[in-house]
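A.B. asks: Below you will find the structure I want to go over with you.
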There are 2 protein chains.
Amino acid sequence: MPPPERPGDDRPQLPHSLAGAPPNEIDPRVEELVNQLIARVADKWTMLVLEALAEHGETRFTRLSRLVPGVSQKMLTQTLRQMERDGLVVRTVHPVVPPKVEYRLTILGQSLGAAFCGVWIWAEQNLAAVEAARRGFDLRGSTKQD
Amino acid sequence: MPPPERPGDDRPQLPHSLAGAPPNEIDPRVEELVNQLIARVADKWTMLVLEALAEHGETRFTRLSRLVPGVSQKMLTQTLRQMERDGLVVRTVHPVVPPKVEYRLTILGQSLGAAFCGVWIWAEQNLAAVEAARRGFDLRGSTKQD
DNA sequence: ATCTACGCTCTCTTTTTAGTAAGTATAAAT
DNA sequence: ATTTATACTTACTAAAAAGAGAGCGTAGAT
């Protein structure tokens with residue numbers, strides 16, 4: 001996505017009517033970034049890497065691969081590259097003989113983690129409701145009246 | 001720079017150490033739900049449907065398919081079913097002769113949208129930073145010092 | 001001399017996901 | 001009699017993503 005011209009607008013506006021706002025115009029670039037962002041965070045590894053780095057601070061590749069259970073080297077590399085590209089992590093290469101590469105979160109990365117706290121809290125608060133809804137749905141067929 | 005240990009935090013419990021909390025135990029069910037949730041929200045349709053329903057209120061299937069540009073019937077059905085199963089939308093079938101089915105958000109669905117506002121706001125506030133990071137990454141190779 | 005560790009990259013295969021298009025039922029409209 | 005509208009479902013196909021596993025370069029340990 002080539003970032004085209006951008007007229008000065010960086011007001012923290014709430015998304016659409018999700019917060020009750022009228023259906024006013026939204027910056028398509030923001031929308032696109034949000035989608036990319038969510039998509040990125042959605043692939044099961046990014047959040048796990050984010051957590052691992054948040055918990056353990058600067059961490060080397062191999063250790064990270066052990067901290068994130070089940071991740072393959074390929075996926076870990078890929079995830080870290082994406083995160084680095086987006087400015088979420090810093091990759092520090094120490095030019096020593098067995099390679100030593102350390103990763104740590106940037107403030108941006110940390111703030112993204114914090115931003116997702118809302119979702120996390122939602123999940124904790126509504127876990128029971130979601131599970132109940134699923135049970136109900138799975139028991140009776142999908143059809144029901146309100 | 002990283003927000004380290006923070007005793008006596010008055011805010012709601014933040015996930016893991018993403019906000020500097022110690023690596024205390026987390027309910028694996030919550031973690032799983034969060035992952036599912038994020039994955040669900042990540043598929044490009046769920047959020048769009050959520051938005052459309054938030055903006056337009058109770059809406060019929062066909063209208064919804066027009067409100068969400070590019071969605072196929074299959075994907076829309078799938079998305080709505082998942083959302084219904086999770087208790088995010090209510091599906092009301094009117095047993096009339098050309099089928100009439102209406103969908104609307106539950107409070108749960110609305111609150112999920114609200115929960116994601118944090119991410120949206122983050123994206124808006126950090127759009128420039130992410131784009132700058134990407135430009136930097138794409139220009140110079142991936143290697144750099146902090 | 002061989003082996004191990006590290007942080008990858010590359011290729012190949014398998015799995016998952018998404019899109020397309022057709023089919024279904026029914027009653028009213030033409 | 002045929003067409004239209006609605007809300008799907010199903011089968012098929014194409015594309016994307018993920019996993020497995022080998023290879024690489026070098027230096028220190030054995």
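Every chain in the structure tokens takes a letter, A first, then B, and so on in the order presented; its residues are numbered from 1, and the ligands are numbered from 1 following the presented order.
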Quick one: pick out all strand (DSSP E or B) residues within stretch 9-132 of chain B from a backbone DSSP run and write them as a list of chain:residue names.
C.D. replies: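 Written out, the strand (DSSP E or B) residues of stretch 9-132 of chain B are B:Thr59, B:Arg60, B:Val89, B:Val90, B:Arg91, B:Thr92, B:Val93, B:His94, B:Lys100, B:Val101, B:Glu102, B:Tyr103, B:Arg104, B:Leu105.
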A.B. asks: Which residues of chain A are close to chain D, meaning at most 8 Å apart when you count only C-alpha atoms (C1' of nucleotides), and how do they look as an mmCIF file with C-alpha atoms, in the first residue's frame?
C.D. replies:
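Listing of result17.cif after writing:
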data_model
loop_
_atom_site.group_PDB
_atom_site.id
_atom_site.type_symbol
_atom_site.label_atom_id
_atom_site.label_comp_id
_atom_site.auth_asym_id
_atom_site.auth_seq_id
_atom_site.Cartn_x
_atom_site.Cartn_y
_atom_site.Cartn_z
ATOM 1 C CA SER A 72 8.185 -22.860 13.725
ATOM 2 C CA VAL A 97 30.446 -15.523 15.689
ATOM 3 C CA PRO A 98 27.512 -17.695 16.506
#
A.B. asks: Residues of chain B within 12 Å of chain C: nearest atom pair and distance (Å, one decimal) for each, counting only C-alpha atoms (C1' of nucleotides), sorted by chain and number, as a tab-separated table?
C.D. replies:
residue	atom	partner	partner_atom	distance
B:Asp43	CA	C:DT17	C1'	10.3
B:Lys44	CA	C:DA18	C1'	11.2
B:Trp45	CA	C:DA18	C1'	11.6
B:Gly70	CA	C:DG19	C1'	10.6
B:Val71	CA	C:DG19	C1'	9.7
B:Ser72	CA	C:DG19	C1'	7.7
B:Gln73	CA	C:DG19	C1'	10.2
B:Lys74	CA	C:DG19	C1'	8.9
B:Met75	CA	C:DA18	C1'	8.2
B:Leu76	CA	C:DA18	C1'	11.8
B:Gln78	CA	C:DA18	C1'	11.5
B:Pro95	CA	C:DT26	C1'	11.5
B:Val96	CA	C:DA27	C1'	9.6
B:Val97	CA	C:DA27	C1'	6.1
B:Pro98	CA	C:DT26	C1'	7.0
B:Pro99	CA	C:DT26	C1'	9.0
A.B. asks: Atoms to include: C-alpha atoms. Write the selected residues as an mmCIF file, in the first residue's frame.
C.D. replies:
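Below is the file that was written, again_21.cif:
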data_model
loop_
_atom_site.group_PDB
_atom_site.id
_atom_site.type_symbol
_atom_site.label_atom_id
_atom_site.label_comp_id
_atom_site.auth_asym_id
_atom_site.auth_seq_id
_atom_site.Cartn_x
_atom_site.Cartn_y
_atom_site.Cartn_z
ATOM 1 C CA ASP B 43 -11.445 -12.147 9.155
ATOM 2 C CA LYS B 44 -12.219 -9.133 7.155
ATOM 3 C CA TRP B 45 -15.965 -9.564 7.195
ATOM 4 C CA GLY B 70 -17.576 -7.393 -1.828
ATOM 5 C CA VAL B 71 -18.918 -10.001 0.517
ATOM 6 C CA SER B 72 -20.253 -13.167 -1.021
ATOM 7 C CA GLN B 73 -23.403 -14.822 0.191
ATOM 8 C CA LYS B 74 -21.400 -17.693 1.478
ATOM 9 C CA MET B 75 -19.077 -15.554 3.528
ATOM 10 C CA LEU B 76 -21.870 -13.376 4.811
ATOM 11 C CA GLN B 78 -20.800 -17.894 7.531
ATOM 12 C CA PRO B 95 -41.982 -17.071 8.546
ATOM 13 C CA VAL B 96 -43.292 -15.249 5.525
ATOM 14 C CA VAL B 97 -43.329 -16.434 2.022
ATOM 15 C CA PRO B 98 -40.293 -14.850 0.490
ATOM 16 C CA PRO B 99 -38.020 -15.468 3.407
#
A.B. asks: Name the closest residue to chain B among the candidates A:Gly57, A:Leu67, A:Ala52, A:Val130; distances are taken between atoms, counting only C-alpha atoms.
C.D. replies: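 Of all the options, A:Val130 lies closest to chain B.
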A.B. asks: Running DSSP on the backbone, which parts of stretch 20-81 of chain A land in helix (DSSP H, G or I), as a CSV table (one decimal) with C-alpha atoms, in the first residue's frame?
C.D. replies:
chain,number,residue,atom,x,y,z
A,28,PRO,CA,-9.8,4.9,4.5
A,29,ARG,CA,-6.1,4.8,5.3
A,30,VAL,CA,-7.0,4.4,9.0
A,31,GLU,CA,-9.5,1.8,8.1
A,32,GLU,CA,-7.0,-0.1,6.0
A,33,LEU,CA,-4.4,0.1,8.7
A,34,VAL,CA,-6.9,-1.1,11.3
A,35,ASN,CA,-7.7,-4.1,9.1
A,36,GLN,CA,-4.1,-4.9,8.5
A,37,LEU,CA,-3.3,-4.4,12.1
A,38,ILE,CA,-6.1,-6.6,13.3
A,39,ALA,CA,-5.2,-9.2,10.7
A,40,ARG,CA,-1.6,-9.1,11.9
A,41,VAL,CA,-2.6,-9.4,15.5
A,42,ALA,CA,-5.0,-12.1,14.5
A,44,LYS,CA,-1.9,-16.5,16.3
A,45,TRP,CA,1.8,-15.8,16.6
A,46,THR,CA,2.0,-12.0,16.8
A,47,MET,CA,0.2,-11.7,20.1
A,48,LEU,CA,2.1,-14.5,21.6
A,49,VAL,CA,5.4,-13.0,20.6
A,50,LEU,CA,4.2,-9.7,21.9
A,51,GLU,CA,3.4,-11.3,25.2
A,52,ALA,CA,6.7,-13.1,25.4
A,53,LEU,CA,8.6,-10.0,24.7
A,54,ALA,CA,6.5,-8.0,27.1
A,55,GLU,CA,7.1,-10.6,29.8
A,56,HIS,CA,10.8,-11.3,29.2
A,61,PHE,CA,15.5,-15.7,18.7
A,62,THR,CA,16.0,-19.3,20.0
A,63,ARG,CA,14.8,-18.4,23.4
A,64,LEU,CA,11.8,-16.7,21.9
A,65,SER,CA,11.0,-19.8,19.9
A,66,ARG,CA,11.0,-21.8,23.1
A,67,LEU,CA,8.8,-19.2,24.9
A,73,GLN,CA,11.3,-21.0,12.8
A,74,LYS,CA,9.8,-19.8,9.6
A,75,MET,CA,6.7,-18.4,11.3
A,76,LEU,CA,8.7,-16.8,14.1
A,77,THR,CA,11.0,-15.1,11.6
A,78,GLN,CA,8.1,-14.0,9.5
A,79,THR,CA,6.2,-12.7,12.5
A,80,LEU,CA,9.2,-10.8,13.9
A,81,ARG,CA,9.9,-9.3,10.5
A.B. asks: So, with only C-alpha atoms as the atoms that count, which of A:Ala114, A:Glu102, A:Val89, A:Ala128 lies closest to chain B?
C.D. replies: A:Ala114
A.B. asks: For a test of reading the model, state the distance in Å between atom CA of B:Gln125 and atom CA of A:Gln125, rounded to one decimal.
C.D. replies: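 These atoms are spaced 26.5 Å apart.
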A.B. asks: Rank nothing, just name the residue among B:Gly118, B:Pro69, B:Gly136, B:Gly113 nearest to A:Asp86, using only C-alpha atoms.
C.D. replies: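 Nearest to A:Asp86: B:Gly136.
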A.B. asks: As an exercise, work out the distance from atom CA of B:Ala123 to atom CA of A:Glu84 in Å and give it to one decimal place.
C.D. replies: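 A separation of 16.3 Å between them.
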A.B. asks: Compile the contact shell of B:Phe116 as a list in words: residues with an atom at most 9 Å away, counting only C-alpha atoms (C1' of nucleotides), same-chain residues fewer than 2 positions apart removed.
C.D. replies: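 Close residues of B:Phe116: Pro15, Leu18, Ala115, Phe116, Gly118 and Val119 of chain A; Ser111, Leu112, Gly113, Ala114, Gly118, Val119, Trp120 and Ile121 of chain B.
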A.B. asks: Just the selected residues (N, CA, C and O atoms), exported as a PDB file, in the first residue's frame, please.
C.D. replies:
ATOM      1  N   PRO A  15     -14.418   4.884  15.890  1.00  0.00           N
ATOM      2  CA  PRO A  15     -14.743   4.200  14.647  1.00  0.00           C
ATOM      3  C   PRO A  15     -16.237   4.235  14.378  1.00  0.00           C
ATOM      4  O   PRO A  15     -17.035   3.715  15.145  1.00  0.00           O
ATOM      5  N   LEU A  18     -19.634   2.586  15.931  1.00  0.00           N
ATOM      6  CA  LEU A  18     -19.395   1.594  16.971  1.00  0.00           C
ATOM      7  C   LEU A  18     -19.518   2.215  18.352  1.00  0.00           C
ATOM      8  O   LEU A  18     -19.828   1.553  19.312  1.00  0.00           O
ATOM      9  N   ALA A 115      -3.309  -1.291  23.931  1.00  0.00           N
ATOM     10  CA  ALA A 115      -4.566  -1.004  23.234  1.00  0.00           C
ATOM     11  C   ALA A 115      -5.452  -2.236  23.175  1.00  0.00           C
ATOM     12  O   ALA A 115      -6.676  -2.131  23.211  1.00  0.00           O
ATOM     13  N   PHE A 116      -4.805  -3.383  23.108  1.00  0.00           N
ATOM     14  CA  PHE A 116      -5.589  -4.601  23.032  1.00  0.00           C
ATOM     15  C   PHE A 116      -6.111  -5.049  24.388  1.00  0.00           C
ATOM     16  O   PHE A 116      -6.857  -6.017  24.495  1.00  0.00           O
ATOM     17  N   GLY A 118      -8.275  -3.626  26.036  1.00  0.00           N
ATOM     18  CA  GLY A 118      -9.719  -3.484  26.018  1.00  0.00           C
ATOM     19  C   GLY A 118     -10.386  -4.761  25.549  1.00  0.00           C
ATOM     20  O   GLY A 118     -11.379  -5.205  26.127  1.00  0.00           O
ATOM     21  N   VAL A 119      -9.802  -5.355  24.536  1.00  0.00           N
ATOM     22  CA  VAL A 119     -10.356  -6.594  24.011  1.00  0.00           C
ATOM     23  C   VAL A 119     -10.196  -7.708  25.037  1.00  0.00           C
ATOM     24  O   VAL A 119     -11.094  -8.516  25.262  1.00  0.00           O
TER      25      VAL A 119
ATOM     26  N   SER B 111     -20.940  -4.194  22.639  1.00  0.00           N
ATOM     27  CA  SER B 111     -19.836  -3.964  23.570  1.00  0.00           C
ATOM     28  C   SER B 111     -18.513  -4.445  22.980  1.00  0.00           C
ATOM     29  O   SER B 111     -17.457  -3.875  23.244  1.00  0.00           O
ATOM     30  N   LEU B 112     -18.590  -5.461  22.157  1.00  0.00           N
ATOM     31  CA  LEU B 112     -17.365  -5.910  21.496  1.00  0.00           C
ATOM     32  C   LEU B 112     -16.853  -4.822  20.560  1.00  0.00           C
ATOM     33  O   LEU B 112     -15.659  -4.527  20.522  1.00  0.00           O
ATOM     34  N   GLY B 113     -17.785  -4.233  19.828  1.00  0.00           N
ATOM     35  CA  GLY B 113     -17.384  -3.121  18.974  1.00  0.00           C
ATOM     36  C   GLY B 113     -16.732  -2.018  19.772  1.00  0.00           C
ATOM     37  O   GLY B 113     -15.699  -1.467  19.388  1.00  0.00           O
ATOM     38  N   ALA B 114     -17.325  -1.740  20.902  1.00  0.00           N
ATOM     39  CA  ALA B 114     -16.769  -0.688  21.754  1.00  0.00           C
ATOM     40  C   ALA B 114     -15.386  -1.076  22.255  1.00  0.00           C
ATOM     41  O   ALA B 114     -14.476  -0.242  22.324  1.00  0.00           O
ATOM     42  N   GLY B 118     -10.520   0.815  21.260  1.00  0.00           N
ATOM     43  CA  GLY B 118      -9.164   1.078  21.711  1.00  0.00           C
ATOM     44  C   GLY B 118      -8.160   0.808  20.622  1.00  0.00           C
ATOM     45  O   GLY B 118      -7.215   1.574  20.407  1.00  0.00           O
ATOM     46  N   VAL B 119      -8.369  -0.266  19.912  1.00  0.00           N
ATOM     47  CA  VAL B 119      -7.464  -0.618  18.828  1.00  0.00           C
ATOM     48  C   VAL B 119      -7.591   0.403  17.701  1.00  0.00           C
ATOM     49  O   VAL B 119      -6.603   0.830  17.113  1.00  0.00           O
ATOM     50  N   TRP B 120      -8.831   0.777  17.449  1.00  0.00           N
ATOM     51  CA  TRP B 120      -9.071   1.743  16.398  1.00  0.00           C
ATOM     52  C   TRP B 120      -8.369   3.063  16.709  1.00  0.00           C
ATOM     53  O   TRP B 120      -7.702   3.657  15.863  1.00  0.00           O
ATOM     54  N   ILE B 121      -8.528   3.480  17.913  1.00  0.00           N
ATOM     55  CA  ILE B 121      -7.908   4.737  18.318  1.00  0.00           C
ATOM     56  C   ILE B 121      -6.389   4.624  18.220  1.00  0.00           C
ATOM     57  O   ILE B 121      -5.716   5.534  17.742  1.00  0.00           O
TER      58      ILE B 121
END
A.B. asks: Using only C-alpha atoms, which of A:Arg85, A:Lys100, A:His94, A:Arg140 sits nearest chain B?
C.D. replies: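 For chain B, the nearest of the given residues is A:Arg85.
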